[in-house]
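A.B. asks: So I've got this file, entry-v3.pdb, and it contains PDB, C-alpha atoms:
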MODEL        1
ATOM      1  CA  MET A  99       8.531  -9.191   8.566  1.00  0.00           C
ATOM      2  CA  GLY A 100       7.606  -6.861   5.711  1.00  0.00           C
ATOM      3  CA  ILE A 101       3.880  -7.197   6.353  1.00  0.00           C
ATOM      4  CA  LEU A 102       4.362  -6.399  10.052  1.00  0.00           C
ATOM      5  CA  LYS A 103       6.297  -3.241   9.156  1.00  0.00           C
ATOM      6  CA  PHE A 104       3.550  -2.279   6.683  1.00  0.00           C
ATOM      7  CA  ALA A 105       0.873  -2.785   9.358  1.00  0.00           C
ATOM      8  CA  LEU A 106       2.767  -0.697  11.924  1.00  0.00           C
ATOM      9  CA  ILE A 107       3.302   2.167   9.479  1.00  0.00           C
ATOM     10  CA  GLY A 108      -0.380   2.057   8.518  1.00  0.00           C
ATOM     11  CA  ALA A 109      -1.439   2.170  12.159  1.00  0.00           C
ATOM     12  CA  ALA A 110       0.877   5.136  12.820  1.00  0.00           C
ATOM     13  CA  VAL A 111      -0.514   7.043   9.836  1.00  0.00           C
ATOM     14  CA  ALA A 112      -4.101   6.318  10.903  1.00  0.00           C
ATOM     15  CA  TYR A 113      -3.352   7.517  14.438  1.00  0.00           C
ATOM     16  CA  GLY A 114      -1.724  10.693  13.100  1.00  0.00           C
ATOM     17  CA  ILE A 115      -4.696  11.508  10.899  1.00  0.00           C
ATOM     18  CA  THR A 116      -7.047  10.902  13.816  1.00  0.00           C
ATOM     19  CA  GLU A 117      -5.089  13.266  16.056  1.00  0.00           C
ATOM     20  CA  ILE A 118      -4.819  15.991  13.410  1.00  0.00           C
ATOM     21  CA  THR A 119      -8.551  15.953  12.686  1.00  0.00           C
ATOM     22  CA  LYS A 120      -9.719  15.559  16.319  1.00  0.00           C
ATOM     23  CA  LYS A 121     -11.792  18.533  17.439  1.00  0.00           C
ATOM     24  CA  ARG A 122     -10.665  20.433  20.530  1.00  0.00           C
ATOM     25  CA  GLU A 123     -12.896  22.078  23.129  1.00  0.00           C
ATOM     26  CA  ASP A 124     -13.259  25.205  20.984  1.00  0.00           C
ATOM     27  CA  GLY A 125     -14.497  23.142  18.012  1.00  0.00           C
ATOM     28  CA  THR A 126     -11.370  23.490  15.881  1.00  0.00           C
ATOM     29  CA  SER A 127      -8.677  20.983  14.999  1.00  0.00           C
ATOM     30  CA  ILE A 128      -4.992  21.151  14.177  1.00  0.00           C
ATOM     31  CA  LEU A 129      -5.919  20.751  10.506  1.00  0.00           C
ATOM     32  CA  ASP A 130      -8.191  23.800  10.761  1.00  0.00           C
ATOM     33  CA  ASP A 131      -5.299  25.819  12.191  1.00  0.00           C
ATOM     34  CA  ILE A 132      -3.009  24.709   9.376  1.00  0.00           C
ATOM     35  CA  THR A 133      -5.492  25.601   6.635  1.00  0.00           C
ATOM     36  CA  GLU A 134      -6.216  29.001   8.188  1.00  0.00           C
ATOM     37  CA  ASN A 135      -2.544  29.941   8.594  1.00  0.00           C
ATOM     38  CA  ALA A 136      -1.212  28.531   5.314  1.00  0.00           C
ATOM     39  CA  PRO A 137      -1.542  31.772   3.256  1.00  0.00           C
ATOM     40  CA  GLU A 138       0.299  33.746   5.934  1.00  0.00           C
ATOM     41  CA  TRP A 139       3.080  31.146   6.047  1.00  0.00           C
ATOM     42  CA  MET A 140       3.402  31.241   2.241  1.00  0.00           C
ATOM     43  CA  GLU A 141       3.855  35.019   2.290  1.00  0.00           C
ATOM     44  CA  LYS A 142       6.526  34.726   4.979  1.00  0.00           C
ATOM     45  CA  ALA A 143       8.277  32.007   2.966  1.00  0.00           C
ATOM     46  CA  LYS A 144       8.225  34.161  -0.187  1.00  0.00           C
ATOM     47  CA  GLN A 145       9.701  37.117   1.709  1.00  0.00           C
ATOM     48  CA  TYR A 146      12.403  34.932   3.229  1.00  0.00           C
ATOM     49  CA  ALA A 147      13.277  33.448  -0.171  1.00  0.00           C
ATOM     50  CA  ALA A 148      13.505  36.899  -1.761  1.00  0.00           C
ATOM     51  CA  GLU A 149      15.787  38.121   1.043  1.00  0.00           C
ATOM     52  CA  ALA A 150      17.975  35.028   0.744  1.00  0.00           C
ATOM     53  CA  VAL A 151      18.334  35.490  -3.020  1.00  0.00           C
ATOM     54  CA  ASP A 152      19.223  39.164  -2.573  1.00  0.00           C
ATOM     55  CA  ARG A 153      21.830  38.323   0.078  1.00  0.00           C
ATOM     56  CA  MET A 154      23.414  35.582  -2.016  1.00  0.00           C
ATOM     57  CA  SER A 155      23.464  37.669  -5.182  1.00  0.00           C
ATOM     58  CA  GLY A 156      25.237  40.416  -3.230  1.00  0.00           C
ATOM     59  CA  HIS A 157      27.846  37.939  -1.980  1.00  0.00           C
ATOM     60  CA  ILE A 158      28.366  36.522  -5.445  1.00  0.00           C
ATOM     61  CA  LYS A 159      28.779  39.932  -7.077  1.00  0.00           C
ATOM     62  CA  GLN A 160      31.379  40.911  -4.473  1.00  0.00           C
ATOM     63  CA  ASN A 161      33.502  37.952  -5.547  1.00  0.00           C
ATOM     64  CA  PRO A 162      36.374  39.218  -7.775  1.00  0.00           C
ATOM     65  CA  ASN A 163      36.026  36.142 -10.030  1.00  0.00           C
ATOM     66  CA  TYR A 164      32.313  36.757 -10.676  1.00  0.00           C
ATOM     67  CA  GLN A 165      31.222  36.745 -14.324  1.00  0.00           C
ATOM     68  CA  GLU A 166      27.728  37.266 -15.665  1.00  0.00           C
ATOM     69  CA  PHE A 167      26.145  34.127 -17.112  1.00  0.00           C
ATOM     70  CA  ASP A 168      25.903  34.200 -20.899  1.00  0.00           C
ATOM     71  CA  GLN A 169      22.381  33.098 -21.857  1.00  0.00           C
ATOM     72  CA  THR A 170      22.860  33.337 -25.625  1.00  0.00           C
ATOM     73  CA  LEU A 171      23.435  29.600 -26.037  1.00  0.00           C
TER      74      LEU A 171
ENDMDL
END
Would you give me this structure, written as structure tokens?
C.D. replies:
Amino acid sequence: MGILKFALIGAAVAYGITEITKKREDGTSILDDITENAPEWMEKAKQYAAEAVDRMSGHIKQNPNYQEFDQTL
């Protein structure tokens, strides 16, 4: 049973790779789109992370029990 599961997973991965790298009518593939857009997505992710940290730090500092972390240890 384990070898059958291994074979099915391998076939699914092979099919996925084939579909991702298959060229469309315009000569590009899904993988090409991903590699072209990755830098833009990273910048958006960095901006979102910075906004999330700012929001959470504001919520934490509004807490009356908030104390600064002592890093002298």
A.B. asks: May I have the centre and edge lengths, in Å to one decimal, of an axis-aligned box around the listed atoms of range 132-135 of chain A with 6 Å added to every side, as lines of an AutoDock Vina configuration file?
C.D. replies:
center_x = -4.4
center_y = 27.3
center_z = 8.0
size_x = 15.7
size_y = 17.2
size_z = 14.7
A.B. asks: Find the distance between CA of Met140 in chain A and CA of Gly114 in chain A and write it in Å to one decimal.
C.D. replies: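 Between CA of Met140 in chain A and CA of Gly114 in chain A the gap is 23.8 Å.
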A.B. asks: In Å to one decimal, how far is CA of Arg153 in chain A from CA of Trp139 in chain A?
C.D. replies: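 CA of Arg153 in chain A lies at a distance of 20.9 Å from CA of Trp139 in chain A.
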A.B. asks: Interatomic distance between CA of Thr119 in chain A and CA of Thr133 in chain A?
C.D. replies: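 Pair CA of Thr119 in chain A / CA of Thr133 in chain A returns 11.8 Å.
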